[in-house]
file upload-v2.cif (mmCIF, C-alpha atoms)
data_upload
loop_
_atom_site.label_atom_id
_atom_site.label_comp_id
_atom_site.auth_asym_id
_atom_site.auth_seq_id
_atom_site.Cartn_x
_atom_site.Cartn_y
_atom_site.Cartn_z
CA MET E 676 135.95 97.20 62.22
CA THR E 677 138.47 94.40 62.72
CA VAL E 678 138.84 93.17 66.27
CA LYS E 679 142.31 91.90 67.11
CA THR E 680 142.33 89.04 69.57
CA GLU E 681 145.25 87.51 71.38
CA ALA E 682 145.76 83.77 71.02
CA ARG E 683 145.36 81.76 74.21
CA PRO E 684 148.78 80.66 75.54
CA VAL E 685 149.41 76.97 75.04
CA THR E 686 151.08 75.72 78.20
CA SER E 687 150.10 72.12 78.96
CA ASP E 688 151.98 69.10 77.64
CA HIS E 689 148.79 67.84 76.00
CA ASP E 690 148.10 71.13 74.23
CA GLN E 691 151.71 71.56 73.16
CA GLY E 692 151.82 68.04 71.75
CA LEU E 693 148.67 68.63 69.73
CA ALA E 694 149.97 72.03 68.60
CA ILE E 695 153.04 70.31 67.14
CA ALA E 696 150.78 67.84 65.32
CA HIS E 697 148.78 70.67 63.76
CA GLU E 698 151.98 72.51 62.80
CA LEU E 699 153.22 69.38 61.01
CA ALA E 700 149.91 69.00 59.19
CA GLU E 701 150.10 72.64 58.12
CA ALA E 702 153.72 72.25 56.93
CA ALA E 703 153.17 69.06 54.88
CA ILE E 704 154.38 69.22 51.28
CA TRP E 705 151.81 67.52 49.06
CA HIS E 706 152.25 65.81 45.71
CA GLY E 707 148.94 64.30 44.71
CA PRO E 708 147.83 61.92 47.50
CA LEU E 709 151.34 61.76 49.05
CA CYS E 710 152.96 64.22 51.41
CA THR E 711 156.40 64.72 52.84
CA PHE E 712 158.09 67.27 55.11
CA GLN E 713 161.22 69.39 55.12
CA GLY E 714 163.90 69.97 57.75
CA ALA E 715 167.45 69.32 58.86
CA VAL E 716 169.11 65.91 58.93
CA PRO E 717 172.58 65.06 60.28
CA ALA E 718 175.44 64.99 57.80
CA ASP E 719 176.95 61.65 56.86
CA GLU E 720 180.13 62.40 58.84
CA ILE E 721 180.45 63.56 62.46
CA GLY E 722 181.40 67.23 62.66
CA LEU E 723 179.86 68.37 59.39
CA PRO E 724 176.87 70.77 59.43
CA PRO E 725 173.39 69.29 58.99
CA LEU E 726 171.67 69.15 55.62
CA GLN E 727 168.29 70.60 54.65
CA THR E 728 166.13 68.11 52.77
CA THR E 729 162.70 66.56 52.45
CA THR E 730 162.05 63.43 54.45
CA GLY E 731 162.44 59.89 53.20
CA GLY E 732 160.01 57.11 53.98
CA ASP E 733 161.59 55.71 57.14
CA VAL E 734 160.41 55.63 60.74
CA TYR E 735 163.50 57.15 62.35
CA GLU E 736 163.43 60.61 60.75
CA GLY E 737 161.08 60.19 57.77
CA SER E 738 157.44 60.25 56.82
CA ALA E 739 156.57 56.89 58.46
CA GLY E 740 157.59 58.19 61.88
CA ILE E 741 155.75 61.46 61.36
CA ALA E 742 152.64 59.56 60.26
CA ARG E 743 152.90 57.52 63.43
CA PHE E 744 152.88 60.64 65.60
CA LEU E 745 149.95 62.13 63.67
CA LEU E 746 148.05 58.88 64.18
CA LEU E 747 148.64 59.16 67.92
CA ALA E 748 147.56 62.80 67.97
CA SER E 749 144.39 61.99 66.01
CA ARG E 750 143.28 59.76 68.88
CA PHE E 751 143.05 62.88 71.04
CA ASP E 752 141.76 65.34 68.42
CA ASP E 753 138.98 64.89 65.86
CA ASP E 754 140.47 67.36 63.35
CA LEU E 755 140.36 65.45 60.05
CA ARG E 756 143.52 67.20 58.85
CA LEU E 757 145.58 65.08 61.22
CA VAL E 758 144.23 61.82 59.77
CA GLU E 759 144.45 63.10 56.18
CA THR E 760 148.07 64.18 56.67
CA ALA E 761 148.92 60.89 58.37
CA GLN E 762 147.44 59.06 55.40
CA GLY E 763 149.43 61.16 52.93
CA ALA E 764 152.64 60.67 54.93
CA LEU E 765 152.04 56.94 55.14
CA ARG E 766 151.43 56.67 51.40
CA HIS E 767 154.72 58.48 50.90
CA ALA E 768 156.45 56.13 53.33
CA LEU E 769 155.15 52.96 51.69
CA SER E 770 156.21 54.31 48.29
CA ASN E 771 159.67 55.48 49.33
CA ALA E 772 160.98 53.25 52.13
CA ASN E 773 163.91 51.01 51.20
CA GLY E 774 165.69 48.17 52.91
CA ALA E 775 164.69 45.57 55.46
CA SER E 776 165.22 47.34 58.80
CA LEU E 777 162.61 48.47 61.28
CA TYR E 778 163.71 52.07 61.71
CA SER E 779 165.02 52.91 58.25
CA GLY E 780 163.33 50.46 55.91
CA VAL E 781 160.16 48.90 54.56
CA PRO E 782 159.23 46.92 57.71
CA GLY E 783 158.88 50.05 59.82
CA ALA E 784 156.64 51.76 57.27
CA ALA E 785 154.55 48.58 56.93
CA ILE E 786 154.12 48.20 60.70
CA VAL E 787 153.05 51.84 61.05
CA ALA E 788 150.48 51.11 58.34
CA LEU E 789 149.24 48.16 60.41
CA GLU E 790 149.08 50.38 63.50
CA ALA E 791 146.86 52.75 61.50
CA ASP E 792 144.41 49.87 60.92
CA TRP E 793 143.10 51.19 57.62
CA PRO E 794 141.49 48.25 55.78
CA GLN E 795 142.42 49.58 52.33
CA ILE E 796 146.16 49.21 53.00
CA ARG E 797 146.30 46.41 55.56
CA SER E 798 146.83 43.51 53.12
CA ASP E 799 149.46 45.44 51.15
CA ALA E 800 151.31 46.32 54.34
CA MET E 801 151.33 42.69 55.49
CA ALA E 802 152.64 41.54 52.11
CA MET E 803 155.38 44.18 52.19
CA LEU E 804 156.39 43.18 55.72
CA ALA E 805 156.54 39.47 54.90
CA GLU E 806 158.57 40.14 51.76
CA ALA E 807 161.02 42.39 53.62
CA ALA E 808 161.49 39.87 56.42
CA ALA E 809 162.15 37.08 53.94
CA ALA E 810 164.66 39.28 52.10
CA ALA E 811 166.44 40.07 55.37
CA SER E 812 166.71 36.38 56.28
CA ASN E 813 168.31 35.65 52.89
CA GLU E 814 170.80 38.54 53.03
CA ALA E 815 174.40 37.31 52.86
CA ASP E 816 175.92 39.50 55.60
CA PRO E 817 173.11 41.45 57.29
CA PRO E 818 173.43 43.96 60.13
CA MET E 819 172.23 42.65 63.49
CA ASP E 820 171.48 45.73 65.58
CA LEU E 821 168.16 47.16 66.74
CA LEU E 822 168.23 50.32 64.65
CA SER E 823 169.17 48.94 61.25
CA GLY E 824 169.30 45.15 61.47
CA HIS E 825 167.81 41.85 62.54
CA ALA E 826 167.17 42.81 66.18
CA GLY E 827 164.80 45.61 65.23
CA LEU E 828 163.02 43.49 62.67
CA ILE E 829 162.55 40.74 65.26
CA VAL E 830 160.99 43.23 67.68
CA GLY E 831 158.60 44.47 64.99
CA LEU E 832 157.60 40.98 63.91
CA VAL E 833 156.89 39.95 67.50
CA ALA E 834 154.62 42.98 67.92
CA VAL E 835 152.71 42.14 64.74
CA SER E 836 152.40 38.47 65.75
CA ARG E 837 150.49 39.47 68.86
CA SER E 838 147.78 41.14 66.79
CA ASP E 839 147.87 38.53 64.01
CA PRO E 840 148.80 35.22 65.68
CA SER E 841 147.80 33.17 62.64
CA GLY E 842 150.31 34.93 60.39
CA PRO E 843 153.89 33.86 59.59
CA TRP E 844 155.43 36.47 61.91
CA ALA E 845 156.55 34.22 64.76
CA ASP E 846 158.33 31.81 62.41
CA LEU E 847 159.99 34.70 60.54
CA ALA E 848 161.14 36.23 63.83
CA ALA E 849 162.56 32.91 65.08
CA ALA E 850 164.48 32.37 61.83
CA LEU E 851 166.07 35.80 62.21
CA GLY E 852 166.77 35.02 65.86
CA HIS E 853 168.84 31.99 64.96
CA GLN E 854 170.90 34.12 62.59
CA VAL E 855 171.50 36.59 65.42
CA VAL E 856 172.68 33.80 67.71
CA ASP E 857 175.03 32.41 65.07
CA ALA E 858 176.51 35.86 64.35
CA GLY E 859 177.47 36.60 67.96
CA ARG E 860 181.16 36.76 68.87
CA ALA E 861 182.22 35.25 72.19
CA ASP E 862 183.85 37.80 74.51
CA GLY E 863 184.71 35.73 77.56
CA ASP E 864 181.32 34.69 78.92
CA GLY E 865 179.65 37.43 76.90
CA LEU E 866 178.44 37.87 73.34
CA SER E 867 178.76 40.89 71.08
CA TRP E 868 178.03 41.81 67.48
CA PRO E 869 179.71 44.16 65.00
CA VAL E 870 178.02 47.53 64.60
CA ALA E 871 177.78 46.87 60.85
CA PRO E 872 178.94 44.16 58.44
CA GLY E 873 182.68 44.34 57.88
CA GLN E 874 183.32 46.67 60.82
CA ASP E 875 185.37 45.88 63.92
CA ASP E 876 183.44 47.97 66.46
CA HIS E 877 181.42 45.85 68.89
CA LEU E 878 179.26 48.21 70.91
CA CYS E 879 177.32 48.61 74.11
CA GLY E 880 173.90 50.23 73.94
CA LEU E 881 170.37 49.82 72.68
CA ALA E 882 170.45 51.23 69.15
CA HIS E 883 173.56 49.53 67.81
CA GLY E 884 174.93 47.43 70.63
CA ALA E 885 174.45 44.37 72.77
CA ALA E 886 171.50 45.78 74.74
CA GLY E 887 169.45 45.95 71.54
CA LEU E 888 170.23 42.31 70.80
CA ALA E 889 169.33 41.31 74.38
CA TYR E 890 166.08 43.24 74.08
CA ALA E 891 165.18 41.38 70.86
CA MET E 892 166.07 38.00 72.37
CA ASP E 893 163.79 38.63 75.35
CA ARG E 894 160.92 39.53 73.02
CA LEU E 895 161.45 36.17 71.27
CA LEU E 896 161.58 34.50 74.66
CA GLU E 897 158.13 35.90 75.47
CA LEU E 898 156.74 34.81 72.11
CA ALA E 899 158.35 31.43 71.51
CA PRO E 900 160.40 30.33 74.54
CA ASP E 901 161.27 26.90 73.15
CA ALA E 902 162.19 27.96 69.62
CA GLY E 903 165.81 28.85 70.32
CA PRO E 904 168.48 29.80 72.90
CA TRP E 905 167.00 33.24 73.44
CA ARG E 906 167.44 33.44 77.22
CA ASP E 907 171.10 32.44 77.19
CA THR E 908 171.87 34.80 74.31
CA ALA E 909 170.24 37.74 76.11
CA HIS E 910 172.15 36.97 79.31
CA ARG E 911 175.47 36.78 77.46
CA ALA E 912 174.82 40.04 75.60
CA ARG E 913 174.34 41.81 78.91
CA ARG E 914 177.48 40.16 80.34
CA PHE E 915 179.48 41.71 77.51
CA GLU E 916 178.14 45.16 78.40
CA ARG E 917 178.67 44.71 82.12
CA ALA E 918 182.44 44.70 81.59
CA TRP E 919 182.18 48.22 80.14
CA TYR E 920 180.20 49.88 82.94
CA SER E 921 181.83 52.82 84.74
CA PRO E 922 180.58 53.58 88.28
CA GLU E 923 182.35 56.94 88.06
CA HIS E 924 180.27 57.98 85.05
CA GLY E 925 177.11 56.03 85.81
CA SER E 926 177.00 54.67 82.27
CA TRP E 927 178.52 52.29 79.75
CA ALA E 928 181.38 53.00 77.36
CA ASP E 929 180.70 54.34 73.88
CA LEU E 930 183.02 52.06 71.91
CA ARG E 931 182.55 53.62 68.47
CA SER E 932 186.01 54.21 67.11
CA ASP E 933 184.93 57.45 65.42
CA ALA E 934 183.51 58.80 68.69
CA MET E 935 186.54 58.14 70.88
CA GLY E 936 188.11 61.09 72.66
CA PRO E 937 191.80 62.00 73.02
CA GLU E 938 194.12 58.98 73.07
CA ALA E 939 191.20 56.74 72.12
CA GLU E 940 189.37 57.22 75.42
CA PRO E 941 185.68 56.28 75.28
CA GLY E 942 182.92 58.51 76.50
CA TYR E 943 180.14 57.33 78.79
CA PRO E 944 176.99 58.95 77.39
CA HIS E 945 173.48 59.15 78.77
CA MET E 946 171.38 58.66 75.64
CA TRP E 947 168.77 56.29 74.21
CA CYS E 948 171.01 55.35 71.31
CA HIS E 949 174.27 54.92 73.24
CA GLY E 950 174.71 54.62 76.99
CA SER E 951 172.58 54.56 80.10
CA ILE E 952 169.11 55.53 78.83
CA GLY E 953 168.83 52.82 76.20
CA ILE E 954 170.50 50.22 78.40
CA ALA E 955 168.11 51.07 81.23
CA ALA E 956 165.19 50.70 78.80
CA ASP E 957 166.32 47.15 78.05
CA ARG E 958 166.94 46.28 81.69
CA LEU E 959 163.50 47.51 82.75
CA VAL E 960 161.89 44.74 80.71
CA ALA E 961 164.64 42.11 80.96
CA ASP E 962 163.54 38.55 81.66
CA ALA E 963 163.29 37.95 85.41
CA SER E 964 165.83 35.10 85.20
CA ASP E 965 168.58 37.64 84.47
CA ILE E 966 169.12 38.67 88.08
CA LEU E 967 172.12 40.91 87.38
CA ALA E 968 170.00 42.91 84.94
CA ARG E 969 168.22 44.31 88.02
CA ALA E 970 171.52 45.69 89.32
CA ASP E 971 172.21 47.16 85.89
CA ARG E 972 168.80 48.81 85.99
CA VAL E 973 169.49 50.50 89.34
CA ALA E 974 172.91 51.70 88.19
CA ALA E 975 171.56 52.99 84.87
CA LEU E 976 168.64 54.86 86.41
CA GLU E 977 170.90 56.49 89.00
CA GLY E 978 173.26 57.59 86.23
CA VAL E 979 170.40 58.98 84.15
CA LEU E 980 169.00 60.90 87.12
CA ALA E 981 172.35 62.50 87.94
CA SER E 982 173.06 63.41 84.34
CA THR E 983 169.56 64.80 83.77
CA ARG E 984 169.64 66.91 86.91
CA ASP E 985 172.88 68.47 85.70
CA ALA E 986 171.35 69.18 82.29
CA LEU E 987 168.18 70.68 83.79
CA ALA E 988 170.26 72.95 86.04
CA GLY E 989 171.89 74.55 83.01
CA PRO E 990 170.59 77.40 80.85
CA ARG E 991 167.59 77.09 78.55
CA GLY E 992 166.40 79.09 75.62
CA PRO E 993 168.93 81.31 73.80
CA GLY E 994 171.72 80.43 76.25
CA GLY E 995 171.08 76.69 76.16
CA SER E 996 173.09 74.03 74.38
CA ASP E 997 172.46 70.80 72.51
CA ALA E 998 172.66 69.05 75.89
CA ILE E 999 169.00 69.97 76.47
CA ASN E 1000 167.71 69.12 73.01
CA GLY E 1001 164.27 67.56 73.03
CA SER E 1002 164.89 64.53 70.82
CA GLN E 1003 163.94 60.95 71.54
CA CYS E 1004 167.31 59.61 70.40
CA HIS E 1005 169.72 61.60 72.54
CA GLY E 1006 167.69 64.29 74.27
CA LEU E 1007 165.23 64.97 77.04
CA SER E 1008 162.33 63.17 75.34
CA GLY E 1009 164.35 59.97 75.60
CA VAL E 1010 164.86 60.63 79.31
CA SER E 1011 161.17 61.36 79.84
CA ASP E 1012 160.19 58.15 78.08
CA LEU E 1013 162.48 56.09 80.31
CA MET E 1014 161.20 57.82 83.44
CA ILE E 1015 157.59 56.99 82.55
CA ASP E 1016 158.52 53.35 81.92
CA ALA E 1017 160.27 53.26 85.33
CA TRP E 1018 157.16 54.76 86.95
CA ARG E 1019 154.86 52.25 85.24
CA LEU E 1020 157.05 49.42 86.53
CA SER E 1021 157.54 50.64 90.10
CA GLY E 1022 154.75 53.11 90.79
CA GLN E 1023 157.30 55.44 92.39
CA LYS E 1024 156.40 59.10 91.86
CA ILE E 1025 160.03 60.24 91.59
CA TRP E 1026 160.16 58.94 88.01
CA LEU E 1027 156.95 60.63 86.93
CA ASP E 1028 158.14 63.88 88.49
CA MET E 1029 161.38 63.71 86.51
CA ALA E 1030 159.45 63.07 83.29
CA ALA E 1031 157.38 66.18 84.00
CA ALA E 1032 160.57 68.16 84.71
CA CYS E 1033 162.00 67.09 81.35
CA SER E 1034 158.83 68.16 79.54
CA ALA E 1035 158.85 71.51 81.32
CA ALA E 1036 162.47 72.06 80.29
CA ILE E 1037 161.70 71.19 76.66
CA ARG E 1038 158.83 73.69 76.64
CA ASP E 1039 160.88 76.38 78.38
CA ASP E 1040 163.76 75.93 75.96
CA ALA E 1041 161.41 76.26 72.98
CA ARG E 1042 160.94 79.92 73.86
CA ARG E 1043 164.18 80.62 71.99
CA PRO E 1044 163.66 82.34 68.62
CA GLU E 1045 164.34 79.11 66.72
CA GLY E 1046 161.65 77.22 68.64
CA TRP E 1047 161.94 73.52 69.48
CA ARG E 1048 165.54 72.33 69.89
CA CYS E 1049 165.80 69.14 67.85
CA GLY E 1050 168.45 66.43 67.95
CA VAL E 1051 170.45 67.46 64.90
CA PRO E 1052 173.69 69.41 65.49
CA GLY E 1053 172.88 72.98 66.45
CA GLY E 1054 169.32 72.06 67.40
CA HIS E 1055 167.98 72.90 63.93
CA TYR E 1056 164.35 72.14 63.10
CA SER E 1057 163.67 68.55 62.08
CA PRO E 1058 160.19 67.09 61.56
CA GLY E 1059 161.01 63.47 62.37
CA LEU E 1060 160.18 61.04 65.17
CA MET E 1061 163.53 60.18 66.73
CA LEU E 1062 165.39 63.44 66.07
CA GLY E 1063 162.69 66.04 65.58
CA VAL E 1064 159.43 67.66 66.57
CA ALA E 1065 157.26 64.58 65.96
CA GLY E 1066 159.19 62.85 68.73
CA ILE E 1067 159.00 65.91 70.96
CA GLY E 1068 155.25 66.06 70.42
CA TRP E 1069 154.98 62.35 71.19
CA SER E 1070 156.94 62.83 74.42
CA LEU E 1071 154.69 65.67 75.54
CA MET E 1072 151.59 63.58 74.82
CA ARG E 1073 153.06 60.68 76.77
CA THR E 1074 153.85 62.87 79.76
CA ALA E 1075 150.27 64.14 79.66
CA HIS E 1076 148.86 60.59 79.35
CA PRO E 1077 151.46 58.25 80.90
CA ASP E 1078 148.96 55.44 81.47
CA THR E 1079 147.86 55.12 77.85
CA VAL E 1080 150.49 56.47 75.44
CA PRO E 1081 153.27 53.94 74.67
CA SER E 1082 156.92 54.68 73.92
CA ALA E 1083 157.62 56.41 70.62
CA TRP E 1084 160.47 54.04 69.75
CA LYS E 1085 158.52 50.81 70.33
CA ILE E 1086 157.20 50.39 66.79
CA GLY E 1087 154.07 48.23 66.89
CA GLY E 1088 153.03 49.61 70.27
CA LEU E 1089 149.84 51.08 68.79
CA LEU E 1090 148.62 47.72 67.47
#
call {"tool": "encode", "arguments": {"input": "upload-v2.cif", "output": "C-alpha cells"}}
result
Amino acid sequence: MTVKTEARPVTSDHDQGLAIAHELAEAAIWHGPLCTFQGAVPADEIGLPPLQTTTGGDVYEGSAGIARFLLLASRFDDDLRLVETAQGALRHALSNANGASLYSGVPGAAIVALEADWPQIRSDAMAMLAEAAAAASNEADPPMDLLSGHAGLIVGLVAVSRSDPSGPWADLAAALGHQVVDAGRADGDGLSWPVAPGQDDHLCGLAHGAAGLAYAMDRLLELAPDAGPWRDTAHRARRFERAWYSPEHGSWADLRSDAMGPEAEPGYPHMWCHGSIGIAADRLVADASDILARADRVAALEGVLASTRDALAGPRGPGGSDAINGSQCHGLSGVSDLMIDAWRLSGQKIWLDMAAACSAAIRDDARRPEGWRCGVPGGHYSPGLMLGVAGIGWSLMRTAHPDTVPSAWKIGGLL
C-alpha cells in the first residue's frame, strides 16, 4: 500500500531561500561538465515582450550570478547538488562570459570563481581577471558606469585586492580610476559621465549614473587614498545628482531620454538601478568627509520608506502588479537589501522590520499560479541574480541572516 504524505509547508525566509536554490539545481541544463538555465530576459527595446532563452555567462542575469547564489546557499546546506551545480554554472560562466565589465563580462565571472575558493580554478580566474582589466584600461572609448564599465571593475578589483594584497589589483584599479576622473564632464561644481560611449544622457543613480562613480571613487579612497583625486571626484559626482533631487517625489530624476514621460518629463523612481534605492546605497557608505551625503541618505531612505509602504499596501498574488516584483534590480529584494544595510549602520529596528515586511510580501505574492514575480516585464520567471529567482533567494537568505549574508550586488563580498 502506498502512503500519501503531505509536504511540510515552507514558510521561513531561510527555508524559502534554500528551496529556491534546490529548484535551480533541479532545473539546471547540463552539457558535459557545464550547466546553464532557462528563463525570460528583457527585450532589447523598452515596451517589447521578454524573450525566453538560456542564460549567458554574466553575473547580472547569467550563470555566474546563479553560481554565486548557489555558493551562498551551500554554506547553509550540505547537499552536494548545490556545490556541483554551482561548479557547473561557474564553468559555463568562465567559458561564455565576454567583455570587461563586472556585471556582464569576464571580470564578474572571474571574481565569483575567486569567491568560490576552489584551488583548481583560482589561478585561471586571476589570470582572466588581470587580462580583462588590462584590456579595459586600453579600450579607446570605454563605458564608465558601475553596471557595464570602469566603475564596476574598480569595485571588483578593490574587493579582490583585500584578499590578495600582493597582486596587481590595486594598481589596475587606480589606473582605471584616473581614466574615470579624466572622462568626467563638469556640470557647474559637479561631475557627470555619459551613460554609454557616444551617448548624450548623463544620469543620476547607482547602476549607470553618478552615484555609481562616486561609490567606486570611495572604494579607491579606502584602498589607496593618495593615488588620485578620488575624494574630490566622489564629492563632485554627488553634487551633480543633488541638483536633480525632488523633495516632492523623495527621489532623483531618471534622465534617460528613452524613459522620459509626456513632454520629456523625467520620472523619479525608487529602484536600485535608477533612483533612491541605489543612491541611498551609495550614501550609506560615503566617505565621512562628504557631509552633504548624510542629508542625501536621510532624504533617500525617507523616500524609499514612503514608496515601499505604498507598494506593500497594494494587492499581492494574482491581483498584484510588477510594482511588487521581487527582483534585486528594481523590486522588493533591492529594498530589503538597503534596509538591512541601514540597520547594520544604525542599529535601528525600523529598517530590519521593513526588510522583513518586504520578504513577507515577496513570499505572499509568490502564491500566484506563476510563482515568484521576477523583474522582467510581466513578472515572468527568470533564474538570474539581479532580475530573477537567484536574487530573490539571496534576499530571503539575507533577511534570515542579516548579520552574516552580504549584499547580492556587491560582487567580491564573499571573499
call {"tool": "resolve_selection", "arguments": {"input": "upload-v2.cif", "expression": "the PyMOL selection byres ((chain E and resi 732) around 9)", "output": "compact mmCIF listing (two decimals) with C-alpha atoms, in the frame of the given file"}}
result
# COMPACT_ATOMS: atom_id res chain seq x y z
CA THR E 711 156.40 64.72 52.84
CA THR E 730 162.05 63.43 54.45
CA GLY E 731 162.44 59.89 53.20
CA ASP E 733 161.59 55.71 57.14
CA VAL E 734 160.41 55.63 60.74
CA GLU E 736 163.43 60.61 60.75
CA GLY E 737 161.08 60.19 57.77
CA SER E 738 157.44 60.25 56.82
CA ALA E 739 156.57 56.89 58.46
CA GLY E 740 157.59 58.19 61.88
CA ALA E 764 152.64 60.67 54.93
CA LEU E 765 152.04 56.94 55.14
CA ARG E 766 151.43 56.67 51.40
CA HIS E 767 154.72 58.48 50.90
CA ALA E 768 156.45 56.13 53.33
CA LEU E 769 155.15 52.96 51.69
CA SER E 770 156.21 54.31 48.29
CA ASN E 771 159.67 55.48 49.33
CA ALA E 772 160.98 53.25 52.13
CA ASN E 773 163.91 51.01 51.20
CA SER E 779 165.02 52.91 58.25
CA GLY E 780 163.33 50.46 55.91
CA VAL E 781 160.16 48.90 54.56
CA ALA E 784 156.64 51.76 57.27
call {"tool": "atom_distance", "arguments": {"input": "upload-v2.cif", "atom1": "atom CA of E:Ser1082", "atom2": "atom CA of E:Asp1016"}}
result
8.3 Å
call {"tool": "axis_aligned_box", "arguments": {"input": "upload-v2.cif", "around": "stretch 989-994 of chain E", "padding_each_side": "8 Å", "output": "lines of an AutoDock Vina configuration file"}}
result
center_x = 169.1
center_y = 77.9
center_z = 78.4
size_x = 21.5
size_y = 22.8
size_z = 25.2
call {"tool": "closest_residue", "arguments": {"input": "upload-v2.cif", "among": "E:Leu980, E:Ala963, E:Met946, E:Ile1015", "to": "E:Gly1050", "atoms": "only C-alpha atoms"}}
result
E:Met946
call {"tool": "closest_residue", "arguments": {"input": "upload-v2.cif", "among": "E:Ala1035, E:Asp997, E:Ser1002, E:Thr1074", "to": "E:Trp1018", "atoms": "only C-alpha atoms"}}
result
E:Thr1074
call {"tool": "atom_distance", "arguments": {"input": "upload-v2.cif", "atom1": "atom CA of E:Ala909", "atom2": "atom CA of E:Ser921"}}
result
20.9 Å
call {"tool": "residues_around", "arguments": {"input": "upload-v2.cif", "residues": "E:Val1080", "least_positions_apart": "5", "cutoff": "9 Å", "atoms": "only C-alpha atoms", "output": "list in words"}}
result
Leu747, Trp1069, Met1072, Arg1073, Thr1074, Ala1075, Gly1088 and Leu1089 of chain E
call {"tool": "closest_residue", "arguments": {"input": "upload-v2.cif", "among": "E:Ala775, E:Leu878, E:Leu828, E:Ala788", "to": "E:Glu806", "atoms": "all atoms listed in the file"}}
result
E:Ala775
call {"tool": "closest_residue", "arguments": {"input": "upload-v2.cif", "among": "E:Ala703, E:Ala1041, E:Leu898, E:Ile999", "to": "E:Tyr1056", "atoms": "all atoms listed in the file"}}
result
E:Ala1041
call {"tool": "resolve_selection", "arguments": {"input": "upload-v2.cif", "expression": "the PyMOL selection byres ((chain E and resi 952) around 12)", "output": "JSON, numbers by chain"}}
result
{"E": [879, 880, 881, 882, 886, 925, 926, 927, 943, 944, 945, 946, 947, 948, 949, 950, 951, 953, 954, 955, 956, 957, 958, 959, 971, 972, 973, 974, 975, 976, 977, 978, 979, 980, 981, 982, 983, 1003, 1004, 1005, 1006, 1007, 1008, 1009, 1010, 1011, 1012, 1013, 1014, 1016, 1017]}
call {"tool": "closest_residue", "arguments": {"input": "upload-v2.cif", "among": "E:Ser841, E:Trp1084, E:Asn813, E:Tyr890", "to": "E:Val787", "atoms": "all atoms listed in the file"}}
result
E:Trp1084
call {"tool": "atom_distance", "arguments": {"input": "upload-v2.cif", "atom1": "atom CA of E:Ala742", "atom2": "atom CA of E:Gln795"}}
result
16.3 Å
call {"tool": "closest_residue", "arguments": {"input": "upload-v2.cif", "among": "E:Ala761, E:Ile966, E:Ala1036, E:Ala858", "to": "E:Ala815", "atoms": "only C-alpha atoms"}}
result
E:Ala858
call {"tool": "residues_around", "arguments": {"input": "upload-v2.cif", "residues": "E:Arg1038", "least_positions_apart": "3", "cutoff": "9 Å", "atoms": "all atoms listed in the file", "output": "number ranges by chain"}}
result
E: 686, 688, 691, 1001, 1033-1035, 1041-1042, 1047
